[in-house]
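File shown: protein_28.pdb (PDB, C-alpha atoms (C1' of nucleotides)).
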MODEL        1
ATOM      1  CA  MET A  94     117.627  46.696  66.477
ATOM      2  CA  ARG A  95     119.635  48.952  68.759
ATOM      3  CA  ALA A  96     118.383  52.106  67.126
ATOM      4  CA  GLN A  97     114.787  50.978  67.361
ATOM      5  CA  GLN A  98     115.210  49.961  70.981
ATOM      6  CA  ARG A  99     116.753  53.293  71.932
ATOM      7  CA  VAL A 100     114.272  55.443  70.082
ATOM      8  CA  LEU A 101     111.270  53.474  71.288
ATOM      9  CA  ALA A 102     112.480  53.585  74.880
ATOM     10  CA  ALA A 103     113.013  57.335  74.634
ATOM     11  CA  ILE A 104     109.533  57.870  73.247
ATOM     12  CA  GLU A 105     107.893  55.645  75.849
ATOM     13  CA  LYS A 106     109.755  57.600  78.487
ATOM     14  CA  ASP A 107     108.369  60.871  77.159
ATOM     15  CA  PHE A 108     104.897  59.338  77.219
ATOM     16  CA  LYS A 109     105.298  58.243  80.791
ATOM     17  CA  ALA A 110     106.615  61.621  81.823
ATOM     18  CA  ALA A 111     103.500  63.194  80.307
ATOM     19  CA  GLY A 112     101.278  60.747  82.200
ATOM     20  CA  LEU A 113     100.098  59.127  78.979
ATOM     21  CA  PRO A 114      99.232  55.476  78.317
ATOM     22  CA  PRO A 115     101.620  53.263  76.324
ATOM     23  CA  LEU A 116     102.440  54.032  72.709
ATOM     24  CA  GLY A 117     100.531  50.980  71.473
ATOM     25  CA  TRP A 118      97.269  52.691  72.358
ATOM     26  CA  TYR A 119      98.076  55.473  69.943
ATOM     27  CA  ASP A 120      98.312  53.203  66.934
ATOM     28  CA  VAL A 121      94.883  51.719  67.512
ATOM     29  CA  LEU A 122      93.216  55.053  68.247
ATOM     30  CA  TRP A 123      94.823  56.582  65.192
ATOM     31  CA  GLU A 124      93.637  53.824  62.882
ATOM     32  CA  LEU A 125      90.128  54.270  64.228
ATOM     33  CA  VAL A 126      90.166  58.047  63.864
ATOM     34  CA  LYS A 127      91.393  57.740  60.280
ATOM     35  CA  ALA A 128      88.764  55.132  59.443
ATOM     36  CA  GLU A 129      85.373  55.950  58.034
ATOM     37  CA  ALA A 130      82.819  56.533  60.814
ATOM     38  CA  GLY A 131      85.615  56.138  63.335
ATOM     39  CA  ARG A 132      85.226  52.403  63.473
ATOM     40  CA  LEU A 133      86.877  49.217  62.281
ATOM     41  CA  ARG A 134      86.548  45.497  62.769
ATOM     42  CA  PRO A 135      89.179  44.013  65.088
ATOM     43  CA  PHE A 136      90.736  42.041  62.245
ATOM     44  CA  GLU A 137      91.141  45.255  60.258
ATOM     45  CA  ILE A 138      92.959  46.894  63.135
ATOM     46  CA  GLU A 139      95.071  43.785  63.413
ATOM     47  CA  ALA A 140      96.146  44.011  59.783
ATOM     48  CA  ARG A 141      96.949  47.714  60.008
ATOM     49  CA  THR A 142      98.899  47.603  63.267
ATOM     50  CA  LEU A 143     100.571  44.178  63.134
ATOM     51  CA  LEU A 144      99.263  43.470  66.618
ATOM     52  CA  ALA A 145      98.651  39.788  67.320
ATOM     53  CA  GLN A 146      94.998  38.842  67.486
ATOM     54  CA  TYR A 147      95.041  37.910  71.160
ATOM     55  CA  ASN A 148      96.967  41.024  72.108
ATOM     56  CA  LEU A 149      94.607  43.256  70.229
ATOM     57  CA  SER A 150      91.592  41.629  71.819
ATOM     58  CA  ARG A 151      92.918  42.516  75.238
ATOM     59  CA  LEU A 152      94.127  45.935  74.217
ATOM     60  CA  ILE A 153      90.570  46.698  73.105
ATOM     61  CA  ASP A 154      89.417  45.535  76.550
ATOM     62  CA  ARG A 155      91.709  48.107  78.133
ATOM     63  CA  LEU A 156      90.710  50.898  75.781
ATOM     64  CA  GLU A 157      87.059  50.086  76.379
ATOM     65  CA  LYS A 158      87.537  50.084  80.138
ATOM     66  CA  GLU A 159      89.008  53.583  79.852
ATOM     67  CA  GLY A 160      86.054  54.673  77.732
ATOM     68  CA  LEU A 161      88.212  55.425  74.680
ATOM     69  CA  VAL A 162      86.472  52.930  72.397
ATOM     70  CA  ARG A 163      83.194  51.014  72.358
ATOM     71  CA  ARG A 164      82.472  47.537  71.038
ATOM     72  CA  GLU A 165      79.285  47.467  68.996
ATOM     73  CA  ALA A 166      77.407  44.687  67.271
ATOM     74  CA  TYR A 167      78.187  44.011  63.612
ATOM     75  CA  GLY A 168      74.893  43.172  61.986
ATOM     76  CA  GLU A 169      75.948  41.201  58.947
ATOM     77  CA  ASP A 170      78.002  38.681  60.868
ATOM     78  CA  ALA A 171      77.104  37.877  64.438
ATOM     79  CA  ARG A 172      80.630  36.666  65.152
ATOM     80  CA  GLY A 173      82.132  40.064  64.505
ATOM     81  CA  CYS A 174      81.953  43.448  66.147
ATOM     82  CA  TRP A 175      82.755  47.048  65.388
ATOM     83  CA  VAL A 176      85.279  48.896  67.477
ATOM     84  CA  THR A 177      84.225  52.531  67.539
ATOM     85  CA  VAL A 178      86.347  55.355  68.890
ATOM     86  CA  THR A 179      84.545  57.609  71.381
ATOM     87  CA  GLU A 180      84.890  61.366  71.771
ATOM     88  CA  ALA A 181      87.158  60.680  74.743
ATOM     89  CA  GLY A 182      89.202  58.445  72.478
ATOM     90  CA  ARG A 183      89.593  61.158  69.861
ATOM     91  CA  ALA A 184      90.601  63.635  72.533
ATOM     92  CA  MET A 185      93.136  61.215  73.973
ATOM     93  CA  ARG A 186      94.630  60.588  70.524
ATOM     94  CA  ALA A 187      95.017  64.298  69.973
ATOM     95  CA  ARG A 188      96.594  64.736  73.378
ATOM     96  CA  MET A 189      98.981  61.858  72.756
ATOM     97  CA  TRP A 190      99.968  63.305  69.412
ATOM     98  CA  GLU A 191     101.202  66.488  71.047
ATOM     99  CA  THR A 192     103.734  64.504  73.009
ATOM    100  CA  TYR A 193     104.368  62.004  70.252
ATOM    101  CA  SER A 194     105.115  64.522  67.534
ATOM    102  CA  ARG A 195     107.529  66.424  69.745
ATOM    103  CA  SER A 196     109.129  63.158  70.732
ATOM    104  CA  ILE A 197     109.608  62.020  67.135
ATOM    105  CA  GLU A 198     111.101  65.373  66.258
ATOM    106  CA  LYS A 199     113.462  65.212  69.206
ATOM    107  CA  HIS A 200     114.622  61.608  68.855
ATOM    108  CA  VAL A 201     114.558  61.229  65.095
ATOM    109  CA  GLY A 202     113.945  64.489  63.268
ATOM    110  CA  ALA A 203     116.673  66.389  65.047
ATOM    111  CA  LYS A 204     119.207  63.725  64.172
ATOM    112  CA  LEU A 205     118.601  63.383  60.446
ATOM    113  CA  SER A 206     118.238  65.874  57.630
ATOM    114  CA  ASP A 207     115.045  65.580  55.618
ATOM    115  CA  PRO A 208     116.764  63.863  52.671
ATOM    116  CA  ASP A 209     118.488  61.452  55.051
ATOM    117  CA  ALA A 210     115.211  60.669  56.779
ATOM    118  CA  ARG A 211     113.665  59.952  53.419
ATOM    119  CA  LYS A 212     116.595  57.760  52.449
ATOM    120  CA  LEU A 213     116.261  55.860  55.734
ATOM    121  CA  ALA A 214     112.557  55.323  55.170
ATOM    122  CA  THR A 215     113.241  54.024  51.681
ATOM    123  CA  LEU A 216     115.861  51.560  52.848
ATOM    124  CA  LEU A 217     113.709  50.321  55.717
ATOM    125  CA  SER A 218     110.705  49.906  53.483
ATOM    126  CA  ARG A 219     112.632  47.276  51.588
ATOM    127  CA  LEU A 220     112.691  45.130  54.713
ATOM    128  CA  VAL A 221     108.945  44.892  55.178
TER     129      VAL A 221
ATOM    130  CA  MET B 101     109.378  50.479  63.926
ATOM    131  CA  ARG B 102     107.508  48.362  61.406
ATOM    132  CA  ALA B 103     110.657  47.111  59.751
ATOM    133  CA  GLN B 104     112.207  46.164  63.058
ATOM    134  CA  GLN B 105     109.055  44.410  64.177
ATOM    135  CA  ARG B 106     108.810  42.402  60.975
ATOM    136  CA  VAL B 107     112.448  41.419  60.839
ATOM    137  CA  LEU B 108     112.625  40.534  64.521
ATOM    138  CA  ALA B 109     109.466  38.433  64.290
ATOM    139  CA  ALA B 110     110.848  36.600  61.276
ATOM    140  CA  ILE B 111     114.116  35.865  63.045
ATOM    141  CA  GLU B 112     112.409  34.708  66.234
ATOM    142  CA  LYS B 113     110.276  32.440  64.098
ATOM    143  CA  ASP B 114     113.354  30.881  62.538
ATOM    144  CA  PHE B 115     114.778  30.364  66.009
ATOM    145  CA  LYS B 116     111.629  28.666  67.172
ATOM    146  CA  ALA B 117     111.509  26.465  64.114
ATOM    147  CA  ALA B 118     115.071  25.363  64.891
ATOM    148  CA  GLY B 119     114.127  24.593  68.505
ATOM    149  CA  LEU B 120     116.373  27.345  69.818
ATOM    150  CA  PRO B 121     115.871  29.644  72.826
ATOM    151  CA  PRO B 122     114.897  33.302  72.312
ATOM    152  CA  LEU B 123     117.198  35.685  70.506
ATOM    153  CA  GLY B 124     117.978  37.608  73.704
ATOM    154  CA  TRP B 125     120.019  34.684  74.968
ATOM    155  CA  TYR B 126     122.329  35.035  72.007
ATOM    156  CA  ASP B 127     123.347  38.572  72.841
ATOM    157  CA  VAL B 128     124.385  37.689  76.351
ATOM    158  CA  LEU B 129     126.245  34.537  75.348
ATOM    159  CA  TRP B 130     128.020  36.395  72.568
ATOM    160  CA  GLU B 131     129.188  39.178  74.856
ATOM    161  CA  LEU B 132     130.543  36.584  77.250
ATOM    162  CA  VAL B 133     132.305  34.586  74.538
ATOM    163  CA  LYS B 134     133.918  37.776  73.210
ATOM    164  CA  ALA B 135     135.019  38.861  76.664
ATOM    165  CA  GLU B 136     138.361  38.023  78.173
ATOM    166  CA  ALA B 137     138.220  34.715  80.087
ATOM    167  CA  GLY B 138     134.627  34.301  78.917
ATOM    168  CA  ARG B 139     133.266  36.284  81.795
ATOM    169  CA  LEU B 140     131.788  39.662  82.627
ATOM    170  CA  ARG B 141     130.126  41.408  85.529
ATOM    171  CA  PRO B 142     126.352  41.738  85.169
ATOM    172  CA  PHE B 143     126.573  45.516  84.884
ATOM    173  CA  GLU B 144     129.006  45.135  81.999
ATOM    174  CA  ILE B 145     126.605  42.863  80.157
ATOM    175  CA  GLU B 146     123.889  45.364  80.898
ATOM    176  CA  ALA B 147     125.817  48.199  79.276
ATOM    177  CA  ARG B 148     126.693  46.130  76.221
ATOM    178  CA  THR B 149     123.237  44.705  75.587
ATOM    179  CA  LEU B 150     120.926  47.490  76.752
ATOM    180  CA  LEU B 151     119.007  44.963  78.838
ATOM    181  CA  ALA B 152     117.407  46.437  81.934
ATOM    182  CA  GLN B 153     119.107  45.434  85.154
ATOM    183  CA  TYR B 154     116.182  43.437  86.502
ATOM    184  CA  ASN B 155     115.626  41.686  83.194
ATOM    185  CA  LEU B 156     119.249  40.728  82.922
ATOM    186  CA  SER B 157     119.279  39.390  86.457
ATOM    187  CA  ARG B 158     116.492  36.992  85.577
ATOM    188  CA  LEU B 159     117.878  36.150  82.175
ATOM    189  CA  ILE B 160     121.076  35.068  83.903
ATOM    190  CA  ASP B 161     118.926  32.903  86.194
ATOM    191  CA  ARG B 162     117.504  31.155  83.123
ATOM    192  CA  LEU B 163     120.866  30.754  81.429
ATOM    193  CA  GLU B 164     122.312  29.365  84.637
ATOM    194  CA  LYS B 165     119.449  26.920  85.038
ATOM    195  CA  GLU B 166     120.203  25.626  81.540
ATOM    196  CA  GLY B 167     123.869  25.274  82.410
ATOM    197  CA  LEU B 168     124.968  27.832  79.815
ATOM    198  CA  VAL B 169     126.568  30.228  82.305
ATOM    199  CA  ARG B 170     127.783  30.085  85.893
ATOM    200  CA  ARG B 171     127.709  32.789  88.550
ATOM    201  CA  GLU B 172     130.983  33.001  90.433
ATOM    202  CA  ALA B 173     132.155  35.117  93.332
ATOM    203  CA  TYR B 174     133.924  38.388  92.543
ATOM    204  CA  GLY B 175     136.705  38.727  95.091
ATOM    205  CA  GLU B 176     137.329  42.440  95.128
ATOM    206  CA  ASP B 177     133.727  43.435  95.796
ATOM    207  CA  ALA B 178     131.450  41.075  97.664
ATOM    208  CA  ARG B 179     128.364  42.737  96.172
ATOM    209  CA  GLY B 180     129.360  41.720  92.674
ATOM    210  CA  CYS B 181     129.699  38.466  90.797
ATOM    211  CA  TRP B 182     131.212  37.146  87.610
ATOM    212  CA  VAL B 183     129.038  35.581  84.984
ATOM    213  CA  THR B 184     131.109  32.958  83.192
ATOM    214  CA  VAL B 185     130.059  31.174  80.022
ATOM    215  CA  THR B 186     130.348  27.386  80.197
ATOM    216  CA  GLU B 187     131.404  25.011  77.430
ATOM    217  CA  ALA B 188     127.726  24.226  76.893
ATOM    218  CA  GLY B 189     127.132  27.961  76.594
ATOM    219  CA  ARG B 190     129.808  28.338  73.940
ATOM    220  CA  ALA B 191     128.375  25.403  72.024
ATOM    221  CA  MET B 192     124.877  26.837  72.231
ATOM    222  CA  ARG B 193     126.062  30.232  70.960
ATOM    223  CA  ALA B 194     127.740  28.574  68.006
ATOM    224  CA  ARG B 195     124.636  26.550  67.269
ATOM    225  CA  MET B 196     122.447  29.637  67.491
ATOM    226  CA  TRP B 197     124.749  31.512  65.152
ATOM    227  CA  GLU B 198     124.173  28.974  62.405
ATOM    228  CA  THR B 199     120.481  29.781  62.401
ATOM    229  CA  TYR B 200     120.983  33.450  63.168
ATOM    230  CA  SER B 201     123.421  34.160  60.375
ATOM    231  CA  ARG B 202     121.235  32.436  57.824
ATOM    232  CA  SER B 203     118.254  34.316  59.163
ATOM    233  CA  ILE B 204     119.974  37.707  58.913
ATOM    234  CA  GLU B 205     121.037  36.920  55.376
ATOM    235  CA  LYS B 206     117.522  35.905  54.448
ATOM    236  CA  HIS B 207     115.601  38.735  56.065
ATOM    237  CA  VAL B 208     118.077  41.584  55.639
ATOM    238  CA  GLY B 209     121.022  40.689  53.447
ATOM    239  CA  ALA B 210     118.927  39.400  50.586
ATOM    240  CA  LYS B 211     116.925  42.611  50.507
ATOM    241  CA  LEU B 212     119.715  45.172  50.447
ATOM    242  CA  SER B 213     122.883  45.530  48.430
ATOM    243  CA  ASP B 214     126.069  45.839  50.452
ATOM    244  CA  PRO B 215     126.369  49.587  49.895
ATOM    245  CA  ASP B 216     122.730  50.049  50.827
ATOM    246  CA  ALA B 217     123.181  47.994  53.969
ATOM    247  CA  ARG B 218     126.139  50.164  54.885
ATOM    248  CA  LYS B 219     124.143  53.288  54.216
ATOM    249  CA  LEU B 220     121.325  51.992  56.396
ATOM    250  CA  ALA B 221     123.726  51.200  59.222
ATOM    251  CA  THR B 222     125.191  54.679  58.980
ATOM    252  CA  LEU B 223     121.822  56.371  59.120
ATOM    253  CA  LEU B 224     120.621  54.247  62.014
ATOM    254  CA  SER B 225     123.810  54.827  63.947
ATOM    255  CA  ARG B 226     122.899  58.482  64.107
ATOM    256  CA  LEU B 227     119.843  57.600  66.146
ATOM    257  CA  VAL B 228     121.664  55.890  68.995
TER     258      VAL B 228
ATOM    259  C1'  DG C   1     134.683  55.901 113.425
ATOM    260  C1'  DC C   2     130.085  56.235 112.078
ATOM    261  C1'  DA C   3     126.144  57.775 109.734
ATOM    262  C1'  DT C   4     124.939  58.911 105.056
ATOM    263  C1'  DT C   5     124.955  58.006 100.512
ATOM    264  C1'  DA C   6     126.019  55.220  96.538
ATOM    265  C1'  DT C   7     126.600  50.795  94.035
ATOM    266  C1'  DA C   8     125.685  45.796  92.590
ATOM    267  C1'  DT C   9     122.364  42.623  92.238
ATOM    268  C1'  DA C  10     117.929  40.290  93.434
ATOM    269  C1'  DT C  11     112.928  39.926  94.001
ATOM    270  C1'  DG C  12     107.589  40.561  94.967
ATOM    271  C1'  DC C  13     103.957  42.022  92.400
ATOM    272  C1'  DA C  14     101.071  43.593  88.724
ATOM    273  C1'  DA C  15     100.667  44.099  83.887
ATOM    274  C1'  DC C  16     101.577  42.252  79.352
ATOM    275  C1'  DT C  17     102.740  38.631  75.950
ATOM    276  C1'  DG C  18     102.642  34.155  73.459
ATOM    277  C1'  DC C  19     100.554  29.891  72.914
ATOM    278  C1'  DA C  20      96.962  26.930  72.649
ATOM    279  C1'  DT C  21      92.432  26.393  72.740
ATOM    280  C1'  DC C  22      87.527  27.710  73.206
ATOM    281  C1'  DT C  23      83.061  29.552  71.748
ATOM    282  C1'  DA C  24      80.143  31.151  68.510
ATOM    283  C1'  DC C  25      78.923  31.757  64.289
ATOM    284  C1'  DT C  26      79.291  31.041  58.696
ATOM    285  C1'  DT C  27      80.287  28.766  54.587
ATOM    286  C1'  DC C  28      80.659  25.035  51.704
ATOM    287  C1'  DA C  29      79.953  20.546  49.642
ATOM    288  C1'  DA C  30      77.531  16.409  48.899
TER     289       DA C  30
ATOM    290  C1'  DT D 148      70.115  19.841  55.315
ATOM    291  C1'  DT D 149      73.527  18.576  57.593
ATOM    292  C1'  DG D 150      78.020  17.736  58.876
ATOM    293  C1'  DA D 151      82.752  19.247  58.045
ATOM    294  C1'  DA D 152      85.681  22.958  57.666
ATOM    295  C1'  DG D 153      86.611  27.859  58.117
ATOM    296  C1'  DT D 154      86.493  32.454  60.393
ATOM    297  C1'  DA D 155      85.946  36.183  64.197
ATOM    298  C1'  DG D 156      87.046  36.991  68.434
ATOM    299  C1'  DA D 157      87.880  35.721  73.539
ATOM    300  C1'  DT D 158      90.370  33.472  77.240
ATOM    301  C1'  DG D 159      93.165  30.251  80.662
ATOM    302  C1'  DC D 160      97.716  29.622  81.633
ATOM    303  C1'  DA D 161     102.578  30.018  81.850
ATOM    304  C1'  DG D 162     106.387  32.858  80.939
ATOM    305  C1'  DT D 163     108.335  37.671  80.625
ATOM    306  C1'  DT D 164     108.552  42.476  81.570
ATOM    307  C1'  DG D 165     108.414  46.948  84.232
ATOM    308  C1'  DC D 166     108.287  49.118  88.524
ATOM    309  C1'  DA D 167     109.406  49.655  92.967
ATOM    310  C1'  DT D 168     111.875  48.105  96.516
ATOM    311  C1'  DA D 169     114.879  44.922  99.180
ATOM    312  C1'  DT D 170     119.480  43.226 100.445
ATOM    313  C1'  DA D 171     124.101  43.483 100.914
ATOM    314  C1'  DT D 172     128.240  45.787 100.587
ATOM    315  C1'  DA D 173     131.389  49.914  99.590
ATOM    316  C1'  DA D 174     132.688  54.597  99.641
ATOM    317  C1'  DT D 175     132.437  59.159 101.536
ATOM    318  C1'  DG D 176     131.984  63.214 104.563
ATOM    319  C1'  DC D 177     132.389  65.058 108.880
TER     320       DC D 177
ENDMDL
END
Rewrite the coordinates I just gave you, this time as structure tokens.
Amino acid sequence: MRAQQRVLAAIEKDFKAAGLPPLGWYDVLWELVKAEAGRLRPFEIEARTLLAQYNLSRLIDRLEKEGLVRREAYGEDARGCWVTVTEAGRAMRARMWETYSRSIEKHVGAKLSDPDARKLATLLSRLV
Amino acid sequence: MRAQQRVLAAIEKDFKAAGLPPLGWYDVLWELVKAEAGRLRPFEIEARTLLAQYNLSRLIDRLEKEGLVRREAYGEDARGCWVTVTEAGRAMRARMWETYSRSIEKHVGAKLSDPDARKLATLLSRLV
DNA sequence: GCATTATATATGCAACTGCATCTACTTCAA
DNA sequence: TTGAAGTAGATGCAGTTGCATATATAATGC
């Protein structure tokens, strides 16, 4: 818990210093960029990111307001929608990754050898 | 990040199911119970728990409203105060520990051997 | 001494979260 | 075919957080 708290705080701080939005935005944008056609249903994003449904719904509001994603109709089921990443969204993800990757390297990579990092990942994976 | 999120959510869920307050309360009460005379200055709690100053200030408000701690004057510096754990606070900490310890065992202990848990702790300690 | 700076804690406000519930569909079963 | 139950997503509200700043007191430099 302590380690997570420290590392997360350090990364968020780097993001803020770079004038970037919160880290949570990255996860959603990244899932969308990875997805086929750059779009997913909200419930798919939910499953991939572990965001709560009501939090995701509002996070999409914020991303949409910033023009990083678009909500589009989902034909086969009128209840649903697609969330599609825009060009601005892709650009923002790329820009965030520059800071993020450096931040991960600084706060995690620099403190563990590659075998140790792998060992850590293995141990943690048993908890999920 | 994922592992922490999952484990924390599972523990908070156990707390809720047992009708207990949030996990954060435990940390503060435990620091106070461990401390000499069952009291600490807010900034000492802050350093031990990694809570932000403004969050701690309001957490103490909530604990005080529930009668679990008391704010008392600190003679040598009129800016400061003592936060003292009450008998009700000690009882609550003990009650929380019953759920907490079982929860840790269930969500962490049961998934790692003792040597693996030690290894994990060692690796994580390098990140803080 | 006295103004400046630093420290300890609190607080107004805006943003975010959790919870419960709502709306709008879809599906299923008789 | 229709009513009950299920699913996708949104939202009102209360509680919590982060940020900036306020308040009160102490320490420090000149």
Within 9 Å of chain D, which residues of chain B come that close, and what is the closest atom pair and distance in Å for each? Count only C-alpha atoms (C1' of nucleotides) and give it as a tab-separated table.
residue	atom	partner	partner_atom	distance
B:Tyr154	CA	D:DG165	C1'	8.8
B:Asn155	CA	D:DT164	C1'	7.3
B:Asp177	CA	D:DT172	C1'	7.7
B:Ala178	CA	D:DT172	C1'	6.4
B:Arg179	CA	D:DT172	C1'	5.4
B:Gly180	CA	D:DT172	C1'	9.0
Centre and edge lengths of an axis-aligned box around all listed atoms of stretch 165-177 of chain D, with 6 Å added on each side, are to be given in Å to one decimal, as AutoDock Vina command-line options.
--center_x 120.5 --center_y 54.1 --center_z 96.6 --size_x 36.4 --size_y 33.8 --size_z 36.6
Exercise for review: Rounded to one decimal place, report the atom CA of A:Arg219-atom CA of B:Met101 distance in Å.
Suggested key: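 Separating atom CA of A:Arg219 from atom CA of B:Met101 is a distance of 13.2 Å.
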Review point. Written as a VMD selection string, which residues does the PyMOL selection byres ((chain A) within 8 of (chain B)) give for the file shown?
Key: chain A and resid 94 to 97 99 to 100 200 to 201 204 to 205 209 213 216 to 221
Point to revise | Picked residues, the PyMOL selection byres ((chain C) within 9 of (chain A)), as a ChimeraX atom specification | key: /C:16-18,24-26
I'd like the superposed chain A, fitted onto chain B by least squares over all Cα atoms in order, as a short mmCIF file (atom, residue, chain, number, x, y, z; two decimals) with C-alpha atoms, keeping the file's coordinate frame.
data_model
loop_
_atom_site.label_atom_id
_atom_site.label_comp_id
_atom_site.auth_asym_id
_atom_site.auth_seq_id
_atom_site.Cartn_x
_atom_site.Cartn_y
_atom_site.Cartn_z
CA MET A 94 109.38 50.46 63.87
CA ARG A 95 107.52 48.32 61.36
CA ALA A 96 110.68 47.09 59.72
CA GLN A 97 112.22 46.17 63.04
CA GLN A 98 109.06 44.41 64.16
CA ARG A 99 108.84 42.38 60.96
CA VAL A 100 112.48 41.41 60.83
CA LEU A 101 112.65 40.54 64.51
CA ALA A 102 109.50 38.44 64.30
CA ALA A 103 110.87 36.60 61.28
CA ILE A 104 114.14 35.87 63.05
CA GLU A 105 112.43 34.72 66.24
CA LYS A 106 110.29 32.45 64.10
CA ASP A 107 113.37 30.89 62.54
CA PHE A 108 114.79 30.37 66.02
CA LYS A 109 111.65 28.69 67.20
CA ALA A 110 111.52 26.48 64.14
CA ALA A 111 115.08 25.37 64.91
CA GLY A 112 114.11 24.62 68.52
CA LEU A 113 116.38 27.36 69.83
CA PRO A 114 115.87 29.65 72.84
CA PRO A 115 114.90 33.31 72.33
CA LEU A 116 117.21 35.70 70.52
CA GLY A 117 117.96 37.62 73.72
CA TRP A 118 120.01 34.69 74.97
CA TYR A 119 122.32 35.05 72.01
CA ASP A 120 123.32 38.59 72.84
CA VAL A 121 124.38 37.70 76.36
CA LEU A 122 126.23 34.55 75.34
CA TRP A 123 127.99 36.42 72.57
CA GLU A 124 129.17 39.20 74.86
CA LEU A 125 130.54 36.59 77.24
CA VAL A 126 132.30 34.62 74.52
CA LYS A 127 133.90 37.80 73.19
CA ALA A 128 135.00 38.89 76.66
CA GLU A 129 138.34 38.04 78.17
CA ALA A 130 138.20 34.73 80.07
CA GLY A 131 134.62 34.31 78.90
CA ARG A 132 133.24 36.28 81.79
CA LEU A 133 131.77 39.66 82.62
CA ARG A 134 130.12 41.40 85.53
CA PRO A 135 126.34 41.71 85.18
CA PHE A 136 126.55 45.49 84.92
CA GLU A 137 128.99 45.13 82.02
CA ILE A 138 126.58 42.87 80.18
CA GLU A 139 123.86 45.36 80.93
CA ALA A 140 125.80 48.19 79.32
CA ARG A 141 126.67 46.15 76.24
CA THR A 142 123.21 44.72 75.60
CA LEU A 143 120.90 47.51 76.79
CA LEU A 144 119.00 44.97 78.87
CA ALA A 145 117.39 46.42 81.98
CA GLN A 146 119.08 45.42 85.20
CA TYR A 147 116.15 43.42 86.54
CA ASN A 148 115.61 41.67 83.23
CA LEU A 149 119.23 40.72 82.95
CA SER A 150 119.29 39.38 86.48
CA ARG A 151 116.50 36.99 85.61
CA LEU A 152 117.87 36.15 82.20
CA ILE A 153 121.08 35.06 83.92
CA ASP A 154 118.93 32.88 86.20
CA ARG A 155 117.51 31.16 83.13
CA LEU A 156 120.87 30.75 81.43
CA GLU A 157 122.32 29.36 84.64
CA LYS A 158 119.45 26.92 85.04
CA GLU A 159 120.18 25.63 81.54
CA GLY A 160 123.86 25.29 82.42
CA LEU A 161 124.97 27.84 79.81
CA VAL A 162 126.57 30.22 82.30
CA ARG A 163 127.79 30.08 85.89
CA ARG A 164 127.71 32.79 88.55
CA GLU A 165 131.00 32.99 90.41
CA ALA A 166 132.18 35.10 93.30
CA TYR A 167 133.96 38.37 92.52
CA GLY A 168 136.71 38.69 95.07
CA GLU A 169 137.37 42.41 95.11
CA ASP A 170 133.78 43.38 95.81
CA ALA A 171 131.54 41.00 97.69
CA ARG A 172 128.44 42.63 96.22
CA GLY A 173 129.36 41.66 92.70
CA CYS A 174 129.72 38.43 90.79
CA TRP A 175 131.23 37.14 87.59
CA VAL A 176 129.03 35.59 84.97
CA THR A 177 131.10 32.96 83.19
CA VAL A 178 130.04 31.19 80.02
CA THR A 179 130.33 27.39 80.19
CA GLU A 180 131.39 25.02 77.42
CA ALA A 181 127.70 24.25 76.90
CA GLY A 182 127.12 27.98 76.60
CA ARG A 183 129.79 28.35 73.93
CA ALA A 184 128.35 25.41 72.03
CA MET A 185 124.85 26.85 72.24
CA ARG A 186 126.07 30.23 70.96
CA ALA A 187 127.73 28.57 68.01
CA ARG A 188 124.62 26.55 67.28
CA MET A 189 122.44 29.65 67.50
CA TRP A 190 124.74 31.52 65.16
CA GLU A 191 124.17 28.97 62.42
CA THR A 192 120.49 29.79 62.42
CA TYR A 193 120.99 33.45 63.18
CA SER A 194 123.43 34.16 60.38
CA ARG A 195 121.23 32.44 57.82
CA SER A 196 118.26 34.33 59.17
CA ILE A 197 119.99 37.71 58.93
CA GLU A 198 121.06 36.92 55.39
CA LYS A 199 117.55 35.90 54.44
CA HIS A 200 115.62 38.74 56.07
CA VAL A 201 118.09 41.57 55.65
CA GLY A 202 121.05 40.67 53.45
CA ALA A 203 118.96 39.38 50.59
CA LYS A 204 116.95 42.59 50.51
CA LEU A 205 119.74 45.15 50.44
CA SER A 206 122.91 45.50 48.42
CA ASP A 207 126.09 45.81 50.44
CA PRO A 208 126.38 49.57 49.87
CA ASP A 209 122.73 50.03 50.81
CA ALA A 210 123.19 47.98 53.96
CA ARG A 211 126.14 50.14 54.88
CA LYS A 212 124.15 53.29 54.18
CA LEU A 213 121.32 51.99 56.37
CA ALA A 214 123.72 51.23 59.20
CA THR A 215 125.17 54.71 58.94
CA LEU A 216 121.79 56.40 59.06
CA LEU A 217 120.61 54.27 61.97
CA SER A 218 123.78 54.89 63.91
CA ARG A 219 122.86 58.54 64.03
CA LEU A 220 119.80 57.65 66.09
CA VAL A 221 121.63 55.98 68.94
#
List as a short mmCIF file (atom, residue, chain, number, x, y, z; two decimals) with C-alpha atoms, in the frame of the given file the protein and nucleic acid residues near B:Glu131, meaning an atom at most 12 Å away when all atoms listed in the file are counted, but skip any in the same chain fewer than 2 places from it.
data_model
loop_
_atom_site.label_atom_id
_atom_site.label_comp_id
_atom_site.auth_asym_id
_atom_site.auth_seq_id
_atom_site.Cartn_x
_atom_site.Cartn_y
_atom_site.Cartn_z
CA GLY B 124 117.98 37.61 73.70
CA TRP B 125 120.02 34.68 74.97
CA TYR B 126 122.33 35.03 72.01
CA ASP B 127 123.35 38.57 72.84
CA VAL B 128 124.38 37.69 76.35
CA LEU B 129 126.24 34.54 75.35
CA VAL B 133 132.30 34.59 74.54
CA LYS B 134 133.92 37.78 73.21
CA ALA B 135 135.02 38.86 76.66
CA GLU B 136 138.36 38.02 78.17
CA ALA B 137 138.22 34.72 80.09
CA GLY B 138 134.63 34.30 78.92
CA ARG B 139 133.27 36.28 81.80
CA LEU B 140 131.79 39.66 82.63
CA ARG B 141 130.13 41.41 85.53
CA PRO B 142 126.35 41.74 85.17
CA GLU B 144 129.01 45.14 82.00
CA ILE B 145 126.60 42.86 80.16
CA GLU B 146 123.89 45.36 80.90
CA ALA B 147 125.82 48.20 79.28
CA ARG B 148 126.69 46.13 76.22
CA THR B 149 123.24 44.70 75.59
CA LEU B 150 120.93 47.49 76.75
CA VAL B 169 126.57 30.23 82.30
CA VAL B 183 129.04 35.58 84.98
CA THR B 184 131.11 32.96 83.19
CA VAL B 185 130.06 31.17 80.02
CA GLY B 189 127.13 27.96 76.59
CA ARG B 190 129.81 28.34 73.94
CA ARG B 193 126.06 30.23 70.96
#
